[in-house]
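target.txt follows; it contains compact mmCIF, C-alpha atoms and all ligand atoms.
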```txt
# COMPACT_ATOMS: atom_id res chain seq x y z
CA MET A 818 -92.03 -44.05 75.34
CA THR A 819 -91.73 -45.16 78.90
CA ASP A 820 -94.35 -47.87 78.90
CA ASN A 821 -92.28 -50.58 77.37
CA GLY A 822 -93.74 -53.52 79.20
CA THR A 823 -91.51 -56.16 80.64
CA GLY A 824 -87.96 -56.03 79.38
CA THR A 825 -86.58 -59.55 79.51
CA HIS A 826 -82.97 -58.48 79.76
CA GLY A 827 -83.38 -55.57 82.12
CA ALA A 828 -81.18 -53.39 79.87
CA VAL A 829 -84.02 -50.99 79.28
CA LEU A 830 -84.49 -47.76 81.14
CA GLN A 831 -87.64 -48.40 83.14
CA ASP A 832 -87.78 -44.79 84.32
CA PRO A 833 -85.70 -42.77 81.92
CA PRO A 834 -84.45 -39.49 83.34
CA PRO A 835 -86.40 -36.43 82.22
CA ALA A 836 -85.39 -34.80 78.98
CA SER A 837 -82.09 -33.16 79.88
CA GLU A 838 -80.99 -29.65 79.21
CA GLY A 839 -77.46 -28.72 78.38
CA LEU A 840 -74.42 -30.80 79.12
CA LEU A 841 -75.14 -34.54 79.25
CA ALA A 842 -71.69 -36.12 79.23
CA GLU A 843 -68.14 -34.87 79.28
CA LEU A 844 -64.59 -36.18 78.97
CA ARG A 845 -61.95 -34.12 80.77
CA GLY A 846 -58.36 -34.87 79.88
CA ALA A 847 -59.45 -38.46 79.33
CA GLY A 848 -57.19 -41.15 77.99
CA LYS A 849 -56.73 -44.86 77.68
CA SER A 850 -53.67 -47.09 77.54
CA TYR A 851 -53.69 -50.72 76.52
CA GLY A 852 -50.63 -51.92 78.42
CA ASN A 853 -47.77 -49.87 76.94
CA ILE A 854 -49.83 -48.57 74.05
CA ARG A 855 -51.36 -45.16 74.65
CA ALA A 856 -54.40 -45.16 72.37
CA LEU A 857 -55.98 -41.93 73.68
CA HIS A 858 -54.53 -39.04 75.65
CA GLY A 859 -55.79 -35.76 77.16
CA VAL A 860 -59.12 -35.68 75.34
CA ASP A 861 -61.72 -33.05 76.24
CA LEU A 862 -65.16 -33.63 74.75
CA LYS A 863 -68.63 -32.34 75.57
CA VAL A 864 -71.95 -33.88 74.59
CA ASN A 865 -74.83 -31.43 74.78
CA ALA A 866 -78.54 -32.15 74.50
CA GLY A 867 -79.88 -31.23 71.07
CA GLN A 868 -76.44 -31.13 69.47
CA VAL A 869 -74.38 -33.36 67.19
CA THR A 870 -70.78 -33.73 68.38
CA CYS A 871 -68.66 -35.11 65.55
CA VAL A 872 -65.51 -37.13 66.14
CA LEU A 873 -63.35 -37.44 63.04
CA GLY A 874 -60.04 -39.17 62.55
CA ASP A 875 -58.09 -41.51 60.34
CA ASN A 876 -57.56 -45.21 61.01
CA GLY A 877 -55.92 -45.77 64.38
CA ALA A 878 -56.67 -42.20 65.56
CA GLY A 879 -58.47 -43.44 68.66
CA LYS A 880 -62.13 -43.08 67.67
CA SER A 881 -63.10 -46.62 68.68
CA THR A 882 -61.28 -46.28 71.97
CA LEU A 883 -63.16 -43.06 72.71
CA ILE A 884 -66.57 -44.56 72.03
CA LYS A 885 -65.70 -47.69 73.98
CA ILE A 886 -65.06 -45.51 77.04
CA VAL A 887 -68.29 -43.56 76.64
CA SER A 888 -70.41 -46.65 75.89
CA GLY A 889 -69.08 -48.69 78.82
CA LEU A 890 -66.98 -51.26 76.94
CA HIS A 891 -63.66 -49.96 78.31
CA GLN A 892 -62.67 -47.76 81.22
CA HIS A 893 -60.51 -44.68 80.88
CA THR A 894 -57.06 -44.90 82.45
CA GLU A 895 -56.48 -41.14 82.74
CA GLY A 896 -58.61 -38.03 83.23
CA GLU A 897 -62.31 -37.93 84.01
CA PHE A 898 -65.59 -39.04 82.45
CA LEU A 899 -68.68 -37.26 83.77
CA VAL A 900 -72.35 -37.94 83.12
CA ASP A 901 -74.84 -35.34 84.35
CA GLY A 902 -71.90 -33.64 86.06
CA ARG A 903 -70.92 -36.69 88.11
CA PRO A 904 -67.78 -38.79 87.57
CA VAL A 905 -68.58 -42.28 86.26
CA ARG A 906 -66.66 -45.42 85.42
CA PHE A 907 -68.88 -47.93 83.64
CA SER A 908 -68.06 -51.60 83.83
CA SER A 909 -70.49 -52.64 81.09
CA PRO A 910 -72.58 -51.19 78.24
CA ARG A 911 -75.64 -52.00 80.35
CA GLU A 912 -74.45 -49.52 82.99
CA ALA A 913 -74.01 -46.90 80.29
CA LEU A 914 -77.48 -47.66 78.95
CA ALA A 915 -78.94 -47.25 82.43
CA LYS A 916 -77.59 -43.66 82.29
CA GLY A 917 -79.15 -43.20 78.86
CA ILE A 918 -76.01 -43.74 76.75
CA ALA A 919 -76.57 -46.05 73.78
CA ALA A 920 -74.23 -47.03 70.96
CA VAL A 921 -75.39 -47.97 67.47
CA TYR A 922 -72.65 -49.87 65.64
CA GLN A 923 -71.98 -50.45 61.95
CA ASP A 924 -72.56 -54.18 62.25
CA LEU A 925 -75.98 -53.91 63.78
CA ALA A 926 -77.10 -56.51 66.26
CA THR A 927 -80.15 -57.64 64.33
CA VAL A 928 -81.53 -61.00 63.25
CA PRO A 929 -81.88 -60.61 59.46
CA LEU A 930 -84.74 -63.09 58.99
CA MET A 931 -86.90 -61.69 61.78
CA PRO A 932 -89.52 -59.01 61.03
CA VAL A 933 -88.69 -55.36 61.59
CA TRP A 934 -90.99 -55.04 64.63
CA ARG A 935 -89.46 -58.13 66.24
CA ASN A 936 -85.96 -56.73 65.83
CA PHE A 937 -87.13 -53.42 67.25
CA PHE A 938 -87.91 -55.17 70.55
CA LEU A 939 -85.18 -57.81 70.40
CA GLY A 940 -84.04 -58.61 73.93
CA SER A 941 -86.67 -56.34 75.51
CA GLU A 942 -89.93 -57.87 74.34
CA MET A 943 -93.28 -56.64 75.57
CA THR A 944 -95.31 -59.29 77.33
CA ARG A 945 -98.83 -59.57 78.70
CA GLY A 946 -100.63 -61.72 81.23
CA PRO A 947 -99.44 -62.93 84.62
CA TRP A 948 -96.72 -65.52 85.16
CA PRO A 949 -96.77 -68.49 84.34
CA VAL A 950 -99.04 -67.79 81.37
CA ARG A 951 -97.22 -64.64 80.31
CA ARG A 952 -96.84 -64.37 76.56
CA LEU A 953 -95.47 -61.97 73.98
CA ASP A 954 -97.70 -58.98 73.36
CA ILE A 955 -97.30 -59.04 69.61
CA ALA A 956 -100.08 -56.56 68.78
CA ARG A 957 -98.67 -53.94 71.16
CA MET A 958 -95.12 -54.44 69.90
CA LYS A 959 -96.20 -53.98 66.27
CA LYS A 960 -98.25 -50.90 67.08
CA THR A 961 -95.50 -49.33 69.17
CA ALA A 962 -92.75 -50.04 66.63
CA ASP A 963 -94.92 -48.49 63.91
CA GLU A 964 -95.61 -45.38 66.01
CA GLU A 965 -92.00 -44.93 67.06
CA LEU A 966 -90.66 -45.29 63.53
CA ARG A 967 -93.22 -42.79 62.27
CA ASN A 968 -92.29 -40.39 65.07
CA MET A 969 -88.77 -40.37 63.67
CA GLY A 970 -90.18 -39.85 60.18
CA ILE A 971 -89.37 -43.42 59.10
CA VAL A 972 -92.17 -44.90 57.03
CA LEU A 973 -91.76 -48.54 56.04
CA ASP A 974 -94.26 -50.32 53.80
CA ASP A 975 -94.46 -53.40 55.95
CA LEU A 976 -93.14 -54.02 59.46
CA GLU A 977 -93.55 -57.77 58.82
CA GLN A 978 -90.75 -57.79 56.29
CA PRO A 979 -87.50 -59.35 57.50
CA ILE A 980 -85.09 -56.62 58.61
CA GLY A 981 -82.48 -58.19 56.35
CA THR A 982 -84.48 -57.02 53.32
CA LEU A 983 -84.12 -53.35 54.32
CA SER A 984 -81.28 -51.26 52.95
CA GLY A 985 -78.28 -50.55 55.19
CA GLY A 986 -79.50 -46.99 55.66
CA GLN A 987 -83.00 -48.09 56.66
CA ARG A 988 -81.58 -50.57 59.17
CA GLN A 989 -79.47 -47.83 60.74
CA CYS A 990 -82.60 -45.69 61.00
CA VAL A 991 -84.53 -48.48 62.73
CA ALA A 992 -81.61 -48.88 65.15
CA ILE A 993 -81.62 -45.14 65.89
CA ALA A 994 -85.40 -45.12 66.48
CA ARG A 995 -85.02 -48.17 68.73
CA ALA A 996 -82.34 -46.51 70.86
CA VAL A 997 -84.47 -43.37 71.18
CA TYR A 998 -87.50 -45.41 72.24
CA PHE A 999 -85.54 -47.29 74.87
CA GLY A 1000 -84.54 -44.08 76.59
CA ALA A 1001 -81.25 -43.01 75.03
CA ARG A 1002 -80.26 -39.44 75.83
CA VAL A 1003 -76.79 -39.80 74.35
CA LEU A 1004 -76.64 -41.65 71.04
CA ILE A 1005 -73.26 -42.86 69.79
CA LEU A 1006 -73.21 -43.58 66.06
CA ASP A 1007 -70.11 -45.43 64.92
CA GLU A 1008 -69.47 -44.67 61.24
CA PRO A 1009 -73.18 -44.96 60.36
CA THR A 1010 -72.62 -43.82 56.77
CA ALA A 1011 -69.37 -45.68 56.09
CA ALA A 1012 -70.80 -48.54 54.05
CA LEU A 1013 -73.56 -46.53 52.36
CA GLY A 1014 -74.00 -44.83 49.02
CA VAL A 1015 -74.78 -41.14 48.65
CA LYS A 1016 -78.58 -41.45 48.83
CA GLN A 1017 -78.61 -43.84 51.78
CA SER A 1018 -76.08 -41.68 53.61
CA GLY A 1019 -78.43 -38.75 53.13
CA VAL A 1020 -81.26 -40.76 54.69
CA VAL A 1021 -79.15 -41.60 57.75
CA LEU A 1022 -77.96 -38.00 58.12
CA LYS A 1023 -81.61 -36.93 58.09
CA TYR A 1024 -82.37 -39.21 61.04
CA ILE A 1025 -79.29 -38.04 62.90
CA ALA A 1026 -80.74 -34.55 62.60
CA ALA A 1027 -84.14 -35.91 63.72
CA ALA A 1028 -82.58 -37.47 66.84
CA ARG A 1029 -80.85 -34.16 67.59
CA ASP A 1030 -84.11 -32.27 67.12
CA ARG A 1031 -85.72 -34.57 69.67
CA GLY A 1032 -83.18 -33.30 72.18
CA LEU A 1033 -80.67 -36.14 72.15
CA GLY A 1034 -76.97 -35.54 72.36
CA VAL A 1035 -75.47 -37.33 69.37
CA ILE A 1036 -71.84 -38.43 69.05
CA PHE A 1037 -71.25 -38.97 65.34
CA ILE A 1038 -68.07 -40.89 64.54
CA THR A 1039 -66.99 -40.59 60.92
CA HIS A 1040 -64.10 -40.45 58.47
CA ASN A 1041 -66.10 -38.17 56.22
CA PRO A 1042 -65.85 -34.40 56.85
CA HIS A 1043 -68.64 -33.69 54.35
CA HIS A 1044 -71.09 -35.91 56.23
CA ALA A 1045 -69.96 -34.43 59.55
CA TYR A 1046 -70.41 -30.90 58.32
CA MET A 1047 -73.96 -31.52 57.12
CA VAL A 1048 -75.25 -32.19 60.63
CA GLY A 1049 -72.48 -31.30 63.10
CA ASP A 1050 -72.57 -28.62 65.79
CA HIS A 1051 -69.09 -29.28 67.17
CA PHE A 1052 -66.12 -30.93 65.48
CA ASN A 1053 -63.33 -32.92 67.10
CA VAL A 1054 -60.49 -34.30 65.00
CA LEU A 1055 -58.38 -37.03 66.57
CA ARG A 1056 -54.88 -37.80 65.38
CA LEU A 1057 -52.70 -40.46 66.96
CA GLY A 1058 -54.83 -40.45 70.10
CA THR A 1059 -54.93 -36.72 70.81
CA LEU A 1060 -57.33 -33.97 69.75
CA GLU A 1061 -55.88 -32.04 66.86
CA LEU A 1062 -58.93 -29.82 66.51
CA SER A 1063 -61.92 -29.06 68.71
CA ALA A 1064 -64.12 -26.30 67.38
CA PRO A 1065 -67.77 -25.27 67.21
CA ARG A 1066 -69.34 -24.93 63.79
CA SER A 1067 -69.02 -21.15 63.89
CA GLU A 1068 -65.22 -21.44 64.10
CA VAL A 1069 -64.42 -23.99 61.45
CA SER A 1070 -65.23 -24.21 57.75
CA LEU A 1071 -65.75 -27.37 55.74
CA GLU A 1072 -62.47 -26.65 53.93
CA GLU A 1073 -60.53 -26.51 57.19
CA LEU A 1074 -62.15 -29.68 58.42
CA THR A 1075 -61.34 -31.44 55.16
CA ASN A 1076 -57.73 -30.26 55.34
CA HIS A 1077 -57.37 -31.53 58.89
CA MET A 1078 -58.64 -34.91 57.76
CA ALA A 1079 -56.46 -34.93 54.66
CA GLY A 1080 -53.39 -34.37 56.86
CA GLY A 1081 -52.05 -31.46 54.76
CA ALA A 1082 -48.44 -31.57 55.99
CA GLU A 1083 -48.21 -35.35 55.64
CA LEU A 1084 -49.54 -35.29 52.08
CA ALA A 1085 -47.06 -32.58 51.13
CA ALA A 1086 -44.19 -34.69 52.49
CA LEU A 1087 -45.51 -37.73 50.64
CA LYS A 1088 -45.71 -35.75 47.43
CA HIS A 1089 -42.08 -34.69 47.85
CA GLU A 1090 -41.00 -38.30 48.40
CA LEU A 1091 -43.02 -39.55 45.45
CA SER A 1092 -41.49 -36.89 43.20
CA GLN A 1093 -38.15 -38.72 43.65
CA VAL A 1094 -39.68 -41.94 42.31
CA ARG A 1095 -39.57 -42.48 38.56
CA GLY A 1096 -42.95 -43.06 36.91
CA VAL A 1097 -45.09 -41.34 39.55
CA ASP A 1098 -46.90 -38.27 38.26
CA THR A 1099 -47.02 -35.96 41.28
CA GLU A 1100 -48.87 -33.33 39.23
CA GLU A 1101 -52.00 -35.39 39.91
CA LEU A 1102 -51.57 -34.84 43.64
CA PRO A 1103 -52.98 -31.72 45.35
CA GLU A 1104 -50.69 -28.72 45.81
CA GLU A 1105 -49.40 -27.96 49.31
CA SER A 1106 -51.22 -24.61 49.18
CA ASP A 1107 -54.49 -26.52 48.56
CA LEU A 1108 -53.89 -28.46 51.75
CA THR A 1109 -53.05 -25.62 54.11
CA PRO A 1110 -56.09 -24.49 56.09
CA PRO A 1111 -57.25 -21.00 55.17
CA VAL A 1112 -56.48 -18.40 57.83
CA ALA A 1113 -59.95 -17.01 58.35
CA PRO A 1114 -62.92 -19.33 58.92
CA SER A 1115 -65.93 -18.75 56.68
CA PRO A 1116 -68.76 -16.72 58.26
CA GLU A 1117 -70.79 -18.89 60.63
CA GLY A 1118 -69.28 -21.92 58.89
CA THR A 1119 -72.30 -22.42 56.71
CA PRO A 1120 -72.00 -25.36 54.30
N1 LIG A 1201 -57.23 -53.76 72.53
C1 LIG A 1201 -56.15 -53.08 72.11
N2 LIG A 1201 -54.92 -53.46 72.49
C2 LIG A 1201 -53.83 -52.77 72.10
N3 LIG A 1201 -53.86 -51.70 71.31
C3 LIG A 1201 -55.04 -51.27 70.87
C4 LIG A 1201 -56.26 -51.95 71.25
N4 LIG A 1201 -57.31 -51.29 70.68
C5 LIG A 1201 -56.76 -50.27 69.98
N5 LIG A 1201 -55.41 -50.26 70.09
C6 LIG A 1201 -54.49 -49.28 69.49
O1 LIG A 1201 -54.93 -47.98 69.86
C7 LIG A 1201 -54.81 -47.08 68.77
C8 LIG A 1201 -56.18 -46.44 68.49
O2 LIG A 1201 -57.05 -47.45 67.97
P1 LIG A 1201 -58.60 -47.24 67.72
O3 LIG A 1201 -59.16 -48.55 67.30
O4 LIG A 1201 -59.21 -46.56 68.88
O5 LIG A 1201 -58.57 -46.22 66.47
P2 LIG A 1201 -59.72 -45.85 65.43
O6 LIG A 1201 -59.61 -44.38 65.21
O7 LIG A 1201 -61.02 -46.37 65.88
O8 LIG A 1201 -59.28 -46.61 64.12
P3 LIG A 1201 -60.20 -47.33 63.00
O9 LIG A 1201 -60.90 -46.25 62.25
O10 LIG A 1201 -59.16 -48.03 62.17
O11 LIG A 1201 -61.11 -48.26 63.71
C9 LIG A 1201 -54.25 -47.87 67.62
O12 LIG A 1201 -52.87 -47.66 67.58
C10 LIG A 1201 -54.56 -49.30 67.96
O13 LIG A 1201 -53.59 -50.17 67.44
```
I'd like the structure from this file rewritten - as structure tokens, please.
Ligand SMILES: Nc1ncnc2c1ncn2[C@@H]1O[C@H](COP(=O)(O)OP(=O)(O)OP(=O)(O)O)[C@@H](O)[C@H]1O
Amino acid sequence: MTDNGTGTHGAVLQDPPPASEGLLAELRGAGKSYGNIRALHGVDLKVNAGQVTCVLGDNGAGKSTLIKIVSGLHQHTEGEFLVDGRPVRFSSPREALAKGIAAVYQDLATVPLMPVWRNFFLGSEMTRGPWPVRRLDIARMKKTADEELRNMGIVLDDLEQPIGTLSGGQRQCVAIARAVYFGARVLILDEPTAALGVKQSGVVLKYIAAARDRGLGVIFITHNPHHAYMVGDHFNVLRLGTLELSAPRSEVSLEELTNHMAGGAELAALKHELSQVRGVDTEELPEESDLTPPVAPSPEGTP
């Protein structure tokens, strides 16, 4: 995994740190303001090796702001951000990548008409031969892409096929394998299942689990508590920029997580308001009692 030849953009970890144990990255009371707008405030979050840390929240909750801080796109304006126990303040995603933090976004940075293997190495191509006759090492790139995808359990019929012909789920999986190959220790997945159907979502969740099993710390951003609960070890729910819930799997059930996401109190108020409006059948809406989190969490929070 380390012998990746000559990276043309230098964004590749040439000597990735050894596989880390325990805590990889941490936010302590972190926050971010855009001028007068406080998008994130007082957030504590831990990313451990071999664990999936889920960040859930509705639109505008602050999820994007959080991942922008961790991935080096924005800097926090309050609190601390530590990587390997040391405070950091990244000024670009490349700096984050140099520390092994890689983000995989919904709108993947791929060239649809280029083959899968070519996209795998896009921006960090392997080359051979001395300058000035250095050329792309196509055979080695194909072989390596094939091996790395297989290592993650991803078997594609033909690496020559344009990446645009793969399903959304398969493209996400290639992007995950790529990040792992290029030395990611912390993988940030921004709504990887949002645009996918049930089967494709299942495929992506499988590879999230595979990345975790390879010892990566995964930050899984999602709106979907069911997807989070299938692979998550720790759950953080953001609401209006602050953490409404932060709990390990053993302390939260899927029902509680779903209720936090549904915003039980808000839905109850909405139901009351709608009941005043003629023509709206509030019987179709869930009861308030259905929305209140149960008192006792289920044993070990098993799905
Ligand atoms: N560049 C910016 N300038 C000003 N305000 C911003 C900026 N980016 C985000 N915000 C505000 O910060 C708050 C949190 O936004 P953020 O995009 O982090 O939420 P989100 O949970 O990712 O939402 P979504 O799921 O809709 O993407 C929102 O109120 C948003 O309007």
Using 9 Å as the limit and counting only C-alpha atoms and all ligand atoms, can you tabulate each residue of chain A that touches ligand LIG 1201 (chain A), with its shortest atom-to-atom distance in Å and the two atoms involved, as CSV?
```
residue,atom,partner,partner_atom,distance
A:Lys849,CA,A:LIG1201,O1,8.6
A:Ser850,CA,A:LIG1201,N3,7.8
A:Tyr851,CA,A:LIG1201,C2,4.9
A:Gly852,CA,A:LIG1201,C2,7.1
A:Asn853,CA,A:LIG1201,C2,8.3
A:Ile854,CA,A:LIG1201,N3,5.8
A:Arg855,CA,A:LIG1201,O1,6.6
A:Ala856,CA,A:LIG1201,O1,3.8
A:Leu857,CA,A:LIG1201,C8,6.9
A:Leu873,CA,A:LIG1201,O6,8.2
A:Gly874,CA,A:LIG1201,O6,5.9
A:Asp875,CA,A:LIG1201,O9,5.8
A:Asn876,CA,A:LIG1201,O10,3.4
A:Gly877,CA,A:LIG1201,O5,3.4
A:Ala878,CA,A:LIG1201,O6,3.7
A:Gly879,CA,A:LIG1201,O4,3.2
A:Lys880,CA,A:LIG1201,O6,3.8
A:Ser881,CA,A:LIG1201,O7,3.5
A:Thr882,CA,A:LIG1201,O4,3.7
A:Leu883,CA,A:LIG1201,O4,6.5
A:Ile884,CA,A:LIG1201,O4,8.3
A:Lys885,CA,A:LIG1201,O4,8.3
A:Glu1008,CA,A:LIG1201,O9,8.8
A:Thr1039,CA,A:LIG1201,O9,8.4
A:His1040,CA,A:LIG1201,O9,7.6
A:Leu1055,CA,A:LIG1201,O6,7.6
A:Arg1056,CA,A:LIG1201,O6,8.1
A:Leu1057,CA,A:LIG1201,C8,7.1
A:Gly1058,CA,A:LIG1201,C8,6.3
```
> Do you have the CA of Ser941 in chain A-CA of Arg1029 in chain A distance handy?
Replying inline: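 Going from CA of Ser941 in chain A over to CA of Arg1029 in chain A, I get 24.3 Å.
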> With all atoms listed in the file as the atoms that count, which of A:Thr1059, A:Pro979, A:Asn1041, A:Arg1066 lies nearest to Val1015 in chain A?
Replying inline: A:Asn1041
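What separates CA of Ser1063 in chain A from CA of Gly867 in chain A is a distance of 18.2 Å.
Remark: for Gly940 in chain A, the closest of the candidate residues A:Cys990, A:Leu976, A:Phe999, A:Pro1065 is A:Phe999 (distances computed over only C-alpha atoms).
All residues of protein, DNA or RNA that reach within 6 Å of Ile980 in chain A, judged by all atoms listed in the file and not counting those fewer than 4 positions away in the chain, are Pro929, Pro932 and Val933 of chain A.
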For the residues in that selection, give me C-alpha atoms as a compact mmCIF listing (two decimals), in the coordinates of the input.
```txt
# COMPACT_ATOMS: atom_id res chain seq x y z
CA PRO A 929 -81.88 -60.61 59.46
CA PRO A 932 -89.52 -59.01 61.03
CA VAL A 933 -88.69 -55.36 61.59
```
> Of the candidates A:Leu844, A:Ala1027, A:Ala1045, A:Ala1001, which one gets nearest to Arg906 in chain A if we count only C-alpha atoms?
Replying inline: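 With only C-alpha atoms as the atom set, the closest residue is A:Leu844.
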>> One decimal, in Å: what's the spacing between CA of Gly1034 in chain A and CA of Thr894 in chain A?
In response: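 We find that CA of Gly1034 in chain A and CA of Thr894 in chain A lie 24.2 Å from each other.
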>> Report as a PyMOL selection string all protein, DNA and RNA residues lying within 12 Å of Ala919 in chain A, evaluated on only C-alpha atoms, omitting residues in the same chain fewer than 5 positions from it.
In response: chain A and resi 828-830+884-890+909-914+992-1007+1033-1036
Using the selection just defined, write its residues with C-alpha atoms as a compact mmCIF listing (two decimals), keeping the file's coordinate frame.
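Listing of part_30.txt after writing:
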```
# COMPACT_ATOMS: atom_id res chain seq x y z
CA ALA A 828 -81.18 -53.39 79.87
CA VAL A 829 -84.02 -50.99 79.28
CA LEU A 830 -84.49 -47.76 81.14
CA ILE A 884 -66.57 -44.56 72.03
CA LYS A 885 -65.70 -47.69 73.98
CA ILE A 886 -65.06 -45.51 77.04
CA VAL A 887 -68.29 -43.56 76.64
CA SER A 888 -70.41 -46.65 75.89
CA GLY A 889 -69.08 -48.69 78.82
CA LEU A 890 -66.98 -51.26 76.94
CA SER A 909 -70.49 -52.64 81.09
CA PRO A 910 -72.58 -51.19 78.24
CA ARG A 911 -75.64 -52.00 80.35
CA GLU A 912 -74.45 -49.52 82.99
CA ALA A 913 -74.01 -46.90 80.29
CA LEU A 914 -77.48 -47.66 78.95
CA ALA A 992 -81.61 -48.88 65.15
CA ILE A 993 -81.62 -45.14 65.89
CA ALA A 994 -85.40 -45.12 66.48
CA ARG A 995 -85.02 -48.17 68.73
CA ALA A 996 -82.34 -46.51 70.86
CA VAL A 997 -84.47 -43.37 71.18
CA TYR A 998 -87.50 -45.41 72.24
CA PHE A 999 -85.54 -47.29 74.87
CA GLY A 1000 -84.54 -44.08 76.59
CA ALA A 1001 -81.25 -43.01 75.03
CA ARG A 1002 -80.26 -39.44 75.83
CA VAL A 1003 -76.79 -39.80 74.35
CA LEU A 1004 -76.64 -41.65 71.04
CA ILE A 1005 -73.26 -42.86 69.79
CA LEU A 1006 -73.21 -43.58 66.06
CA ASP A 1007 -70.11 -45.43 64.92
CA LEU A 1033 -80.67 -36.14 72.15
CA GLY A 1034 -76.97 -35.54 72.36
CA VAL A 1035 -75.47 -37.33 69.37
CA ILE A 1036 -71.84 -38.43 69.05
```
> Ala962 in chain A: which residues within 12 Å, counting only C-alpha atoms, same-chain residues fewer than 4 positions away excluded, as an MDAnalysis selection string?
Replying inline: chainID A and resid 818 821 932:939 942:943 955:958 966:969 971:973 975:977 991:992 994:999
Selected residues, C-alpha atoms, written as a PDB file, in the coordinates of the input, please.
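Saved file part-v3.pdb follows:
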```pdb
ATOM      1  CA  MET A 818     -92.030 -44.050  75.340  1.00  0.00           C
ATOM      2  CA  ASN A 821     -92.280 -50.580  77.370  1.00  0.00           C
ATOM      3  CA  PRO A 932     -89.520 -59.010  61.030  1.00  0.00           C
ATOM      4  CA  VAL A 933     -88.690 -55.360  61.590  1.00  0.00           C
ATOM      5  CA  TRP A 934     -90.990 -55.040  64.630  1.00  0.00           C
ATOM      6  CA  ARG A 935     -89.460 -58.130  66.240  1.00  0.00           C
ATOM      7  CA  ASN A 936     -85.960 -56.730  65.830  1.00  0.00           C
ATOM      8  CA  PHE A 937     -87.130 -53.420  67.250  1.00  0.00           C
ATOM      9  CA  PHE A 938     -87.910 -55.170  70.550  1.00  0.00           C
ATOM     10  CA  LEU A 939     -85.180 -57.810  70.400  1.00  0.00           C
ATOM     11  CA  GLU A 942     -89.930 -57.870  74.340  1.00  0.00           C
ATOM     12  CA  MET A 943     -93.280 -56.640  75.570  1.00  0.00           C
ATOM     13  CA  ILE A 955     -97.300 -59.040  69.610  1.00  0.00           C
ATOM     14  CA  ALA A 956    -100.080 -56.560  68.780  1.00  0.00           C
ATOM     15  CA  ARG A 957     -98.670 -53.940  71.160  1.00  0.00           C
ATOM     16  CA  MET A 958     -95.120 -54.440  69.900  1.00  0.00           C
ATOM     17  CA  LEU A 966     -90.660 -45.290  63.530  1.00  0.00           C
ATOM     18  CA  ARG A 967     -93.220 -42.790  62.270  1.00  0.00           C
ATOM     19  CA  ASN A 968     -92.290 -40.390  65.070  1.00  0.00           C
ATOM     20  CA  MET A 969     -88.770 -40.370  63.670  1.00  0.00           C
ATOM     21  CA  ILE A 971     -89.370 -43.420  59.100  1.00  0.00           C
ATOM     22  CA  VAL A 972     -92.170 -44.900  57.030  1.00  0.00           C
ATOM     23  CA  LEU A 973     -91.760 -48.540  56.040  1.00  0.00           C
ATOM     24  CA  ASP A 975     -94.460 -53.400  55.950  1.00  0.00           C
ATOM     25  CA  LEU A 976     -93.140 -54.020  59.460  1.00  0.00           C
ATOM     26  CA  GLU A 977     -93.550 -57.770  58.820  1.00  0.00           C
ATOM     27  CA  VAL A 991     -84.530 -48.480  62.730  1.00  0.00           C
ATOM     28  CA  ALA A 992     -81.610 -48.880  65.150  1.00  0.00           C
ATOM     29  CA  ALA A 994     -85.400 -45.120  66.480  1.00  0.00           C
ATOM     30  CA  ARG A 995     -85.020 -48.170  68.730  1.00  0.00           C
ATOM     31  CA  ALA A 996     -82.340 -46.510  70.860  1.00  0.00           C
ATOM     32  CA  VAL A 997     -84.470 -43.370  71.180  1.00  0.00           C
ATOM     33  CA  TYR A 998     -87.500 -45.410  72.240  1.00  0.00           C
ATOM     34  CA  PHE A 999     -85.540 -47.290  74.870  1.00  0.00           C
TER      35      PHE A 999
END
```
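Nearest-residue note for Ile1038 in chain A: choosing from A:Asn1053, A:Pro904, A:Cys871, A:Gly896, the minimum distance belongs to A:Cys871, counting all atoms listed in the file.
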> Hey, what's within 10 Å of Leu1013 in chain A if we count all atoms listed in the file and toss same-chain stuff fewer than 6 positions away? As a PyMOL selection string, please?
Replying inline: chain A and resi 984-986+1019-1021
> Which one is closest to Val860 in chain A: A:Pro949, A:Gly917, A:Gly1014, A:Gly846? Count only C-alpha atoms.
Replying inline: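 Smallest separation from Val860 in chain A among the options: A:Gly846.
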Working from the structure I just supplied, which lacks atoms in range 889-895 of chain A, can you model N, CA and C atoms there and output them as a PDB file, in the coordinates of the input?
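The result, written out as selection19.pdb:
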```pdb
ATOM      1  N   GLY A 889     -69.196 -47.723  77.721  1.00  0.00           N
ATOM      2  CA  GLY A 889     -69.080 -48.690  78.820  1.00  0.00           C
ATOM      3  C   GLY A 889     -68.349 -49.974  78.485  1.00  0.00           C
ATOM      4  N   LEU A 890     -67.723 -50.041  77.293  1.00  0.00           N
ATOM      5  CA  LEU A 890     -66.980 -51.260  76.940  1.00  0.00           C
ATOM      6  C   LEU A 890     -65.589 -51.279  77.564  1.00  0.00           C
ATOM      7  N   HIS A 891     -64.974 -50.085  77.673  1.00  0.00           N
ATOM      8  CA  HIS A 891     -63.660 -49.960  78.310  1.00  0.00           C
ATOM      9  C   HIS A 891     -63.717 -48.847  79.349  1.00  0.00           C
ATOM     10  N   GLN A 892     -62.758 -48.860  80.255  1.00  0.00           N
ATOM     11  CA  GLN A 892     -62.670 -47.760  81.220  1.00  0.00           C
ATOM     12  C   GLN A 892     -61.467 -46.886  80.887  1.00  0.00           C
ATOM     13  N   HIS A 893     -61.628 -45.579  81.125  1.00  0.00           N
ATOM     14  CA  HIS A 893     -60.510 -44.680  80.880  1.00  0.00           C
ATOM     15  C   HIS A 893     -59.411 -44.936  81.911  1.00  0.00           C
ATOM     16  N   THR A 894     -58.167 -44.699  81.510  1.00  0.00           N
ATOM     17  CA  THR A 894     -57.060 -44.900  82.450  1.00  0.00           C
ATOM     18  C   THR A 894     -56.439 -43.569  82.862  1.00  0.00           C
ATOM     19  N   GLU A 895     -56.914 -42.469  82.272  1.00  0.00           N
ATOM     20  CA  GLU A 895     -56.480 -41.140  82.740  1.00  0.00           C
ATOM     21  C   GLU A 895     -57.636 -40.159  82.572  1.00  0.00           C
TER      22      GLU A 895
END
```
